[in-house]
Amino acid sequence: MTAYKSSVRVIGVPEHLNQFVEEVKEDHALIDALAPLKAQQLVSSKLGDVREAALFINDQWCKVVTVGLGNVKKRTEGDYLKIWGNVFQYLKQHAIDSISLYMPTFFSKTVEIEKVFNIMGLQQEQAIYTFDSYKSDKKAPYRIHIQLEPKTWANYESVMLDGRHLGHAINFARDLGNMPPNILTPEYFATLVDERFKTTNVTVDIKDGTMIQQEGFGLLHAVGKGSSHAPRLITLEYKGNPNHQDQTIALVGKGITYDSGGYSIKSKNGMPTMKFDMCGAANVVGMIDAIQALQLKVNVVGVIAAAENMIAPHAMKPDDVFTALSGETVEVPNTDAEGRLVLADASYYANQYQPALIMDFATLTGAAIVALGVDKTAVFNKGVSTHILDDILTQTRIWGEPTFELPITATERKQIKKSDVADLTNHVNADGKALFAAAFITHFSGETPHLHFDIAGPATTSKASYKGPKGATGVMISTIVHYLKHTYGKVTEL
Ligand code: BES
Ligand code: ZN
Ligand code: ZN
């Protein structure tokens with residue numbers, strides 16, 4: 001029988017107590033104390049249901065927090081996200097800052113033990129995230145002391161820590177996303193990214209507005225020139241596998257710190273929330289932050305195009321034509337289709353690093369939300385082998401980041417060339433707007449395999465959940481980091 005601690009003990013409760021692993025079944029004192037409470041429904045076995053109870057064990061009362069584990073035979077990683085998320089949110093709400101976790105009660109045959117610990121670490125950070133930097137009554141950061149029980153499970157603390165690194169990175173991306181746009185300008189975005197990676201082995205290169213213009217980033221310059229806050233191009237490099245430079249993966253992010261629409265102005269209802277138009281970029285920063293914290297054996301280059309889409313005498317206007325970094329000319333009938341412009345230059349630039357694969361992340365189109373709903377990511381594939389996309393889609397299912405493929409067809413590839421005056425156009429009046437945008441962006445990555453993720457919906461949420469509060473979500477960070485973590489051994493196949 002394990003000794004009970006003075007702090008609160010946290011226990012998982014399956015549908016039937018005989019579904020516990022053997023180790024717990026032999027803990028007769030616990031089973032005997034738990035059984036009547038379960039029968040009276042004072043503790044619940046419903047997935048993610050958290051209760052507080054007092055157990056009478058070995059002649060003394062012991063305060064416990066229980067969490068329902070649901071159907072033990074079908075338990076998935078997603079269930080553990082809910083289990084741990086609800087536990088840590090409950091503990092925070094009730095200001096419980098010291099617990100002993102009776103780990104064996106949480107094990108199942110369907111999910112590896114490492115994953116159970118890893119997700120616990122992730123949820124210790126991500127589930128209890130709050131953003132109150134701009135509130136007068138800020139809460140002190142919540143810290144929890146966890147003792148693993150029995151102590152032998154301490155071996156898994158490093159796996160738990162890996163999860164915490166990921167959660168920490170997600171929370172950083174959320175902070176960037178949630179910051180007000182008068183503060184998070186392209187310049188300050190670059191400063192924060194620079195500071196974040198100062199003490200790491202990620203190198204940060206920042207091009208300011210003048211360099212962007214002089215070096216020919218004509219589309220990024222065009223989008224940013226209506227703002228008093230000049231654009232920035234931020235390049236992050238992490239070399240975790242220096243012997244395989246040819247296996248670099250490029251992560252490109254849309255960093256529009258505010259999207260007013262420009263002269264193709266948004267409506268008064270469409271404009272608020274457009275501070276989140278840099279979440280693609282923020283999430284790329286989060287991915288690289290996690291990759292370096294976990295020291296993954298993979299080479300990554302991150303390219304972030306940060307700009308503010310505003311109205312001013314010198315702002316771009318509908319009908320303007322600009323020259324892209326690729327040398328091609330682009331007509332801009334619609335200044336609100338600015339994301340594809342900055343991503344075109346960023347993707348072309350990323351391609352100079354000769355990556356094996358480019359992935360871009362962008363809050364790109366309302367059309368992606370119309371097609372799939374607010375909670376789903378649309379992924380578009382240009383030349384990436386299906387086994388890579390399948391591996392990524394598998395991770396999206398594990399981490400609860402639902403993603404579905406939409407096509408790029410010959411129709412869109414033709415449409416992007418329908419300009420009377422220039423080589424390309426950023427907009428045509430036709431349905432299939434998410435597909436058109438995908439065709440436009442991927443045009444600039446040449447022959448390089450390219451996945452484009454339109455995260456317009458899931459970049460934010462209007463509803464709190466076991467993953468965290470409303471606001472920026474950090475979507476796709478878990479998926480991509482785990483994809484890279486599980487694939488680096490096979491990168492030669494890219
Ligand atoms: N940032 C928006 C897309 C967006 C809309 C993101 C809603 C999140 C929620 C993007 O720059 C935009 O304005 N897209 C236009 C494109 C259109 C002009 C072709 C859109 O989707 O309406
Ligand atoms: Zn726009
Ligand atoms: Zn936008």
# chains A, B, ... in the order shown; residues from 1 in each chain; ligands from 1
$ residues_near_ligand --ligand "ligand 2" --cutoff "10 Å" --atoms "only C-alpha atoms and all ligand atoms" --output "list of chain:residue names"
A:Ile256, A:Tyr258, A:Asp259, A:Ser260, A:Gly261, A:Gly262, A:Ser264, A:Ile265, A:Lys266, A:Gly270, A:Met271, A:Met274, A:Asp277, A:Asn309, A:Asn334, A:Thr335, A:Asp336, A:Ala337, A:Glu338, A:Gly339, A:Arg340, A:Thr363, A:Leu364, A:Thr365, A:Gly366
$ residues_around --residues "Val65 of chain A" --least-positions-apart "5" --cutoff "8 Å" --atoms "only C-alpha atoms" --output "ChimeraX atom specification"
/A:8-11,50-53
$ residues_around --residues "Thr479 of chain A" --least-positions-apart "5" --cutoff "10 Å" --atoms "only C-alpha atoms" --output "MDAnalysis selection string"
chainID A and resid 287 391:402 484:485
$ atom_distance --atom1 "atom CA of Asn269 of chain A" --atom2 "atom CA of Lys463 of chain A"
18.9 Å
$ residues_around --residues "Gln415 of chain A" --least-positions-apart "4" --cutoff "12 Å" --atoms "only C-alpha atoms" --output "list in words"
Ile408, Thr409, Ala410, Thr411, Ser419, Asp420, Asp423, Leu424, Thr425, Asn426, His427, Val428, Asn429, Ala430, Asp431, Gly432, Lys433, Leu435, Phe436, Ala437, Ala438, Ala439, Phe440 and His443 of chain A
$ write_last_selection --atoms "N, CA, C and O atoms" --output "short mmCIF file (atom, residue, chain, number, x, y, z; two decimals), in the first residue's frame"
data_model
loop_
_atom_site.label_atom_id
_atom_site.label_comp_id
_atom_site.auth_asym_id
_atom_site.auth_seq_id
_atom_site.Cartn_x
_atom_site.Cartn_y
_atom_site.Cartn_z
N ILE A 408 -5.87 21.64 -55.35
CA ILE A 408 -5.47 22.72 -56.26
C ILE A 408 -5.58 22.10 -57.65
O ILE A 408 -4.94 21.07 -57.90
N THR A 409 -6.40 22.66 -58.50
CA THR A 409 -6.61 22.04 -59.82
C THR A 409 -6.12 22.97 -60.94
O THR A 409 -5.75 24.12 -60.69
N ALA A 410 -6.20 22.46 -62.15
CA ALA A 410 -5.79 23.24 -63.33
C ALA A 410 -6.61 24.53 -63.42
O ALA A 410 -6.12 25.56 -63.89
N THR A 411 -7.86 24.47 -62.97
CA THR A 411 -8.72 25.67 -63.02
C THR A 411 -8.07 26.83 -62.26
O THR A 411 -7.95 27.94 -62.78
N SER A 419 -4.73 38.04 -65.60
CA SER A 419 -4.61 39.49 -65.46
C SER A 419 -4.40 40.07 -66.85
O SER A 419 -3.67 39.50 -67.66
N ASP A 420 -5.05 41.20 -67.13
CA ASP A 420 -4.88 41.84 -68.44
C ASP A 420 -3.56 42.59 -68.52
O ASP A 420 -3.06 42.86 -69.61
N ASP A 423 1.63 39.52 -64.98
CA ASP A 423 1.79 38.06 -65.13
C ASP A 423 0.74 37.30 -64.32
O ASP A 423 0.25 36.26 -64.74
N LEU A 424 0.45 37.84 -63.15
CA LEU A 424 -0.44 37.14 -62.22
C LEU A 424 -1.42 38.13 -61.60
O LEU A 424 -1.19 39.35 -61.63
N THR A 425 -2.50 37.58 -61.03
CA THR A 425 -3.45 38.43 -60.29
C THR A 425 -3.67 37.83 -58.91
O THR A 425 -3.62 36.61 -58.75
N ASN A 426 -3.91 38.70 -57.92
CA ASN A 426 -4.09 38.14 -56.57
C ASN A 426 -5.56 37.81 -56.30
O ASN A 426 -5.88 37.30 -55.22
N HIS A 427 -6.43 38.08 -57.27
CA HIS A 427 -7.86 37.87 -57.00
C HIS A 427 -8.66 37.79 -58.29
O HIS A 427 -8.42 38.57 -59.22
N VAL A 428 -9.60 36.84 -58.35
CA VAL A 428 -10.60 36.85 -59.43
C VAL A 428 -11.97 36.72 -58.78
O VAL A 428 -12.09 36.18 -57.68
N ASN A 429 -12.99 37.22 -59.47
CA ASN A 429 -14.35 37.10 -58.93
C ASN A 429 -14.90 35.74 -59.28
O ASN A 429 -15.58 35.57 -60.28
N ALA A 430 -14.59 34.75 -58.49
CA ALA A 430 -15.08 33.40 -58.76
C ALA A 430 -15.15 32.64 -57.45
O ALA A 430 -14.50 33.02 -56.47
N ASP A 431 -15.95 31.58 -57.45
CA ASP A 431 -16.00 30.73 -56.25
C ASP A 431 -14.72 29.91 -56.16
O ASP A 431 -13.93 29.87 -57.10
N GLY A 432 -14.55 29.26 -55.02
CA GLY A 432 -13.33 28.46 -54.82
C GLY A 432 -12.16 29.35 -54.40
O GLY A 432 -11.02 29.13 -54.80
N LYS A 433 -12.45 30.33 -53.53
CA LYS A 433 -11.43 31.33 -53.19
C LYS A 433 -10.27 30.77 -52.37
O LYS A 433 -9.14 31.25 -52.47
N LEU A 435 -9.07 27.81 -52.78
CA LEU A 435 -8.27 27.04 -53.74
C LEU A 435 -7.41 27.97 -54.60
O LEU A 435 -6.23 27.70 -54.87
N PHE A 436 -8.02 29.09 -54.99
CA PHE A 436 -7.29 30.09 -55.78
C PHE A 436 -6.07 30.58 -54.98
O PHE A 436 -4.95 30.65 -55.52
N ALA A 437 -6.32 30.91 -53.71
CA ALA A 437 -5.24 31.43 -52.85
C ALA A 437 -4.12 30.41 -52.73
O ALA A 437 -2.93 30.75 -52.79
N ALA A 438 -4.50 29.13 -52.59
CA ALA A 438 -3.51 28.06 -52.46
C ALA A 438 -2.68 27.94 -53.74
O ALA A 438 -1.45 27.76 -53.70
N ALA A 439 -3.35 28.06 -54.89
CA ALA A 439 -2.65 27.98 -56.18
C ALA A 439 -1.67 29.14 -56.31
O ALA A 439 -0.54 28.97 -56.79
N PHE A 440 -2.11 30.32 -55.86
CA PHE A 440 -1.27 31.52 -55.97
C PHE A 440 0.01 31.33 -55.14
O PHE A 440 1.13 31.51 -55.64
N HIS A 443 2.51 28.61 -56.28
CA HIS A 443 3.16 28.95 -57.55
C HIS A 443 4.59 29.44 -57.29
O HIS A 443 5.47 29.26 -58.14
#
$ closest_residue --among "A:Val64, A:Ile31, A:Cys279, A:Leu37" --to "ligand 3" --atoms "only C-alpha atoms and all ligand atoms"
A:Cys279
$ closest_residue --among "A:Lys376, A:Leu161, A:Tyr142, A:Gly12" --to "Val87 of chain A" --atoms "only C-alpha atoms"
A:Gly12
$ closest_residue --among "A:Thr386, A:Asn71, A:Asn299, A:Thr377" --to "ligand 1" --atoms "only C-alpha atoms and all ligand atoms"
A:Thr377
$ closest_residue --among "A:Gln354, A:Ser347, A:Thr273, A:Thr66" --to "ligand 1" --atoms "only C-alpha atoms and all ligand atoms"
A:Thr273
$ closest_residue --among "A:Asp205, A:Glu125, A:Asp319, A:Asp345" --to "Ile170 of chain A" --atoms "only C-alpha atoms"
A:Glu125
$ residues_around --residues "Gly224 of chain A" --least-positions-apart "4" --cutoff "7 Å" --atoms "only C-alpha atoms" --output "ChimeraX atom specification"
/A:220,230-231,307-309
$ atom_distance --atom1 "atom CA of Glu22 of chain A" --atom2 "atom CA of Ser108 of chain A"
11.1 Å
$ select_by_dssp --residues "segment 21-120 of chain A" --states "helix (DSSP H, G or I)" --output "PyMOL selection string"
chain A and resi 22-25+28-39+72-74+77-93+103-106+113-120
$ write_last_selection --atoms "N, CA and C atoms" --output "compact mmCIF listing (two decimals), in the first residue's frame"
# COMPACT_ATOMS: atom_id res chain seq x y z
N GLU A 22 -3.18 -4.27 -12.92
CA GLU A 22 -3.02 -5.17 -11.77
C GLU A 22 -2.50 -4.45 -10.52
N GLU A 23 -1.51 -3.62 -10.74
CA GLU A 23 -0.88 -2.89 -9.65
C GLU A 23 -1.90 -2.16 -8.78
N VAL A 24 -2.89 -1.59 -9.43
CA VAL A 24 -3.91 -0.84 -8.68
C VAL A 24 -4.91 -1.81 -8.05
N LYS A 25 -5.23 -2.87 -8.81
CA LYS A 25 -6.20 -3.85 -8.29
C LYS A 25 -5.74 -4.43 -6.96
N HIS A 28 -5.89 -2.93 -2.27
CA HIS A 28 -7.25 -3.22 -1.79
C HIS A 28 -7.85 -2.07 -1.01
N ALA A 29 -7.01 -1.39 -0.23
CA ALA A 29 -7.52 -0.29 0.58
C ALA A 29 -8.15 0.78 -0.30
N LEU A 30 -7.48 1.06 -1.39
CA LEU A 30 -8.00 2.09 -2.31
C LEU A 30 -9.30 1.63 -2.96
N ILE A 31 -9.28 0.39 -3.49
CA ILE A 31 -10.47 -0.13 -4.18
C ILE A 31 -11.66 -0.17 -3.21
N ASP A 32 -11.40 -0.63 -1.99
CA ASP A 32 -12.49 -0.72 -1.00
C ASP A 32 -13.06 0.65 -0.68
N ALA A 33 -12.19 1.66 -0.64
CA ALA A 33 -12.66 3.01 -0.30
C ALA A 33 -13.38 3.65 -1.48
N LEU A 34 -12.92 3.31 -2.67
CA LEU A 34 -13.46 3.95 -3.89
C LEU A 34 -14.82 3.37 -4.27
N ALA A 35 -14.98 2.05 -4.08
CA ALA A 35 -16.17 1.35 -4.57
C ALA A 35 -17.49 1.98 -4.10
N PRO A 36 -17.67 2.22 -2.78
CA PRO A 36 -18.96 2.80 -2.36
C PRO A 36 -19.18 4.21 -2.91
N LEU A 37 -18.11 4.99 -3.00
CA LEU A 37 -18.27 6.36 -3.52
C LEU A 37 -18.70 6.33 -4.99
N LYS A 38 -18.16 5.35 -5.70
CA LYS A 38 -18.50 5.23 -7.11
C LYS A 38 -19.97 4.79 -7.24
N ALA A 39 -20.36 3.83 -6.37
CA ALA A 39 -21.74 3.34 -6.40
C ALA A 39 -22.72 4.48 -6.11
N VAL A 72 -12.37 2.17 -21.01
CA VAL A 72 -10.94 1.86 -20.92
C VAL A 72 -10.41 1.22 -22.21
N LYS A 73 -11.29 0.47 -22.90
CA LYS A 73 -10.82 -0.29 -24.07
C LYS A 73 -10.59 0.61 -25.28
N LYS A 74 -11.28 1.75 -25.29
CA LYS A 74 -11.19 2.61 -26.48
C LYS A 74 -10.40 3.88 -26.21
N GLU A 77 -5.32 9.03 -27.28
CA GLU A 77 -4.54 10.20 -26.86
C GLU A 77 -5.46 11.39 -26.63
N GLY A 78 -6.45 11.53 -27.51
CA GLY A 78 -7.41 12.64 -27.38
C GLY A 78 -8.13 12.59 -26.04
N ASP A 79 -8.44 11.38 -25.58
CA ASP A 79 -9.09 11.25 -24.27
C ASP A 79 -8.17 11.75 -23.16
N TYR A 80 -6.87 11.44 -23.31
CA TYR A 80 -5.93 11.90 -22.27
C TYR A 80 -5.79 13.43 -22.29
N LEU A 81 -5.93 14.02 -23.47
CA LEU A 81 -5.92 15.50 -23.51
C LEU A 81 -7.06 16.03 -22.66
N LYS A 82 -8.21 15.39 -22.79
CA LYS A 82 -9.38 15.84 -22.02
C LYS A 82 -9.20 15.54 -20.52
N ILE A 83 -8.72 14.34 -20.22
CA ILE A 83 -8.54 13.93 -18.82
C ILE A 83 -7.61 14.91 -18.12
N TRP A 84 -6.40 15.08 -18.67
CA TRP A 84 -5.42 15.94 -18.00
C TRP A 84 -5.83 17.41 -18.06
N GLY A 85 -6.42 17.81 -19.17
CA GLY A 85 -6.84 19.21 -19.29
C GLY A 85 -7.85 19.55 -18.20
N ASN A 86 -8.85 18.69 -18.03
CA ASN A 86 -9.87 18.95 -17.01
C ASN A 86 -9.29 18.90 -15.61
N VAL A 87 -8.36 17.97 -15.38
CA VAL A 87 -7.74 17.88 -14.04
C VAL A 87 -7.01 19.18 -13.71
N PHE A 88 -6.14 19.62 -14.62
CA PHE A 88 -5.33 20.80 -14.28
C PHE A 88 -6.18 22.07 -14.22
N GLN A 89 -7.22 22.15 -15.05
CA GLN A 89 -8.09 23.33 -14.96
C GLN A 89 -8.84 23.33 -13.62
N TYR A 90 -9.25 22.16 -13.18
CA TYR A 90 -9.94 22.05 -11.88
C TYR A 90 -9.01 22.47 -10.74
N LEU A 91 -7.78 21.94 -10.79
CA LEU A 91 -6.83 22.23 -9.71
C LEU A 91 -6.54 23.73 -9.66
N LYS A 92 -6.40 24.33 -10.82
CA LYS A 92 -6.12 25.78 -10.86
C LYS A 92 -7.30 26.57 -10.30
N GLN A 93 -8.50 26.20 -10.77
CA GLN A 93 -9.72 26.89 -10.29
C GLN A 93 -9.84 26.82 -8.79
N MET A 103 -0.18 7.50 -10.50
CA MET A 103 -0.06 7.24 -11.93
C MET A 103 -0.69 5.94 -12.42
N PRO A 104 -0.47 4.80 -11.71
CA PRO A 104 -0.99 3.55 -12.29
C PRO A 104 -2.50 3.59 -12.54
N THR A 105 -3.22 4.43 -11.81
CA THR A 105 -4.68 4.48 -12.05
C THR A 105 -4.99 5.07 -13.43
N PHE A 106 -4.00 5.67 -14.07
CA PHE A 106 -4.25 6.33 -15.35
C PHE A 106 -3.84 5.48 -16.56
N ILE A 113 2.50 4.34 -22.18
CA ILE A 113 2.73 5.09 -20.94
C ILE A 113 3.43 6.42 -21.22
N GLU A 114 4.40 6.39 -22.14
CA GLU A 114 5.14 7.63 -22.47
C GLU A 114 4.17 8.73 -22.90
N LYS A 115 3.18 8.34 -23.71
CA LYS A 115 2.20 9.33 -24.21
C LYS A 115 1.39 9.91 -23.05
N VAL A 116 1.04 9.02 -22.10
CA VAL A 116 0.24 9.48 -20.96
C VAL A 116 0.99 10.58 -20.20
N PHE A 117 2.29 10.35 -19.99
CA PHE A 117 3.12 11.35 -19.29
C PHE A 117 3.32 12.60 -20.16
N ASN A 118 3.57 12.36 -21.44
CA ASN A 118 3.82 13.46 -22.36
C ASN A 118 2.61 14.41 -22.43
N ILE A 119 1.42 13.83 -22.54
CA ILE A 119 0.21 14.65 -22.64
C ILE A 119 -0.06 15.35 -21.30
N MET A 120 0.31 14.67 -20.20
CA MET A 120 0.14 15.31 -18.90
C MET A 120 0.99 16.58 -18.83
$ closest_residue --among "A:Thr191, A:Thr403, A:Thr448, A:Ser267" --to "ligand 1" --atoms "only C-alpha atoms and all ligand atoms"
A:Ser267
$ residues_around --residues "Gln126 of chain A" --least-positions-apart "2" --cutoff "9 Å" --atoms "only C-alpha atoms" --output "ChimeraX atom specification"
/A:85,121-124,128-129,164,166-168,170-171,466-468
$ write_last_selection --atoms "N, CA, C and O atoms" --output "PDB file, in the first residue's frame"
ATOM      1  N   GLY A  85      -6.419  17.812 -19.166  1.00  0.00           N
ATOM      2  CA  GLY A  85      -6.844  19.211 -19.287  1.00  0.00           C
ATOM      3  C   GLY A  85      -7.850  19.552 -18.205  1.00  0.00           C
ATOM      4  O   GLY A  85      -7.720  20.563 -17.505  1.00  0.00           O
ATOM      5  N   GLY A 121       2.231  16.474 -19.291  1.00  0.00           N
ATOM      6  CA  GLY A 121       3.121  17.644 -19.291  1.00  0.00           C
ATOM      7  C   GLY A 121       2.569  18.757 -20.172  1.00  0.00           C
ATOM      8  O   GLY A 121       2.538  19.926 -19.782  1.00  0.00           O
ATOM      9  N   LEU A 122       2.107  18.367 -21.358  1.00  0.00           N
ATOM     10  CA  LEU A 122       1.545  19.349 -22.297  1.00  0.00           C
ATOM     11  C   LEU A 122       0.388  20.110 -21.653  1.00  0.00           C
ATOM     12  O   LEU A 122       0.325  21.341 -21.694  1.00  0.00           O
ATOM     13  N   GLN A 123      -0.514  19.358 -21.024  1.00  0.00           N
ATOM     14  CA  GLN A 123      -1.710  19.983 -20.463  1.00  0.00           C
ATOM     15  C   GLN A 123      -1.428  20.803 -19.207  1.00  0.00           C
ATOM     16  O   GLN A 123      -2.169  21.729 -18.894  1.00  0.00           O
ATOM     17  N   GLN A 124      -0.345  20.485 -18.514  1.00  0.00           N
ATOM     18  CA  GLN A 124       0.059  21.300 -17.357  1.00  0.00           C
ATOM     19  C   GLN A 124       0.310  22.738 -17.782  1.00  0.00           C
ATOM     20  O   GLN A 124       0.211  23.658 -16.991  1.00  0.00           O
ATOM     21  N   ILE A 128      -4.019  25.355 -18.803  1.00  0.00           N
ATOM     22  CA  ILE A 128      -4.264  26.392 -17.786  1.00  0.00           C
ATOM     23  C   ILE A 128      -3.792  27.767 -18.238  1.00  0.00           C
ATOM     24  O   ILE A 128      -3.662  28.694 -17.438  1.00  0.00           O
ATOM     25  N   TYR A 129      -3.532  27.894 -19.540  1.00  0.00           N
ATOM     26  CA  TYR A 129      -3.079  29.174 -20.094  1.00  0.00           C
ATOM     27  C   TYR A 129      -4.118  30.270 -19.842  1.00  0.00           C
ATOM     28  O   TYR A 129      -5.318  30.035 -19.943  1.00  0.00           O
ATOM     29  N   ARG A 164       5.800  19.524 -21.510  1.00  0.00           N
ATOM     30  CA  ARG A 164       5.756  20.903 -20.995  1.00  0.00           C
ATOM     31  C   ARG A 164       6.441  21.869 -21.952  1.00  0.00           C
ATOM     32  O   ARG A 164       5.974  22.988 -22.150  1.00  0.00           O
ATOM     33  N   LEU A 166       6.542  21.626 -25.142  1.00  0.00           N
ATOM     34  CA  LEU A 166       5.594  21.863 -26.232  1.00  0.00           C
ATOM     35  C   LEU A 166       4.506  22.841 -25.779  1.00  0.00           C
ATOM     36  O   LEU A 166       4.176  23.801 -26.495  1.00  0.00           O
ATOM     37  N   GLY A 167       3.972  22.606 -24.582  1.00  0.00           N
ATOM     38  CA  GLY A 167       2.920  23.481 -24.061  1.00  0.00           C
ATOM     39  C   GLY A 167       3.403  24.918 -23.898  1.00  0.00           C
ATOM     40  O   GLY A 167       2.681  25.877 -24.197  1.00  0.00           O
ATOM     41  N   HIS A 168       4.628  25.055 -23.446  1.00  0.00           N
ATOM     42  CA  HIS A 168       5.239  26.368 -23.249  1.00  0.00           C
ATOM     43  C   HIS A 168       5.329  27.097 -24.596  1.00  0.00           C
ATOM     44  O   HIS A 168       5.039  28.297 -24.695  1.00  0.00           O
ATOM     45  N   ILE A 170       3.488  26.506 -27.288  1.00  0.00           N
ATOM     46  CA  ILE A 170       2.123  26.823 -27.722  1.00  0.00           C
ATOM     47  C   ILE A 170       1.644  28.095 -27.016  1.00  0.00           C
ATOM     48  O   ILE A 170       1.060  28.992 -27.635  1.00  0.00           O
ATOM     49  N   ASN A 171       1.929  28.188 -25.724  1.00  0.00           N
ATOM     50  CA  ASN A 171       1.487  29.367 -24.978  1.00  0.00           C
ATOM     51  C   ASN A 171       2.183  30.635 -25.445  1.00  0.00           C
ATOM     52  O   ASN A 171       1.583  31.715 -25.439  1.00  0.00           O
ATOM     53  N   TYR A 466     -10.943  22.065 -22.892  1.00  0.00           N
ATOM     54  CA  TYR A 466      -9.891  21.442 -22.082  1.00  0.00           C
ATOM     55  C   TYR A 466      -8.494  21.728 -22.625  1.00  0.00           C
ATOM     56  O   TYR A 466      -7.495  21.373 -22.008  1.00  0.00           O
ATOM     57  N   LYS A 467      -8.429  22.371 -23.791  1.00  0.00           N
ATOM     58  CA  LYS A 467      -7.105  22.750 -24.303  1.00  0.00           C
ATOM     59  C   LYS A 467      -6.718  24.155 -23.874  1.00  0.00           C
ATOM     60  O   LYS A 467      -5.559  24.546 -24.016  1.00  0.00           O
ATOM     61  N   GLY A 468      -7.699  24.940 -23.434  1.00  0.00           N
ATOM     62  CA  GLY A 468      -7.373  26.292 -23.019  1.00  0.00           C
ATOM     63  C   GLY A 468      -8.533  27.247 -23.227  1.00  0.00           C
ATOM     64  O   GLY A 468      -9.629  26.829 -23.598  1.00  0.00           O
TER      65      GLY A 468
END
$ atom_distance --atom1 "atom CA of Gly240 of chain A" --atom2 "atom CA of His486 of chain A"
14.1 Å
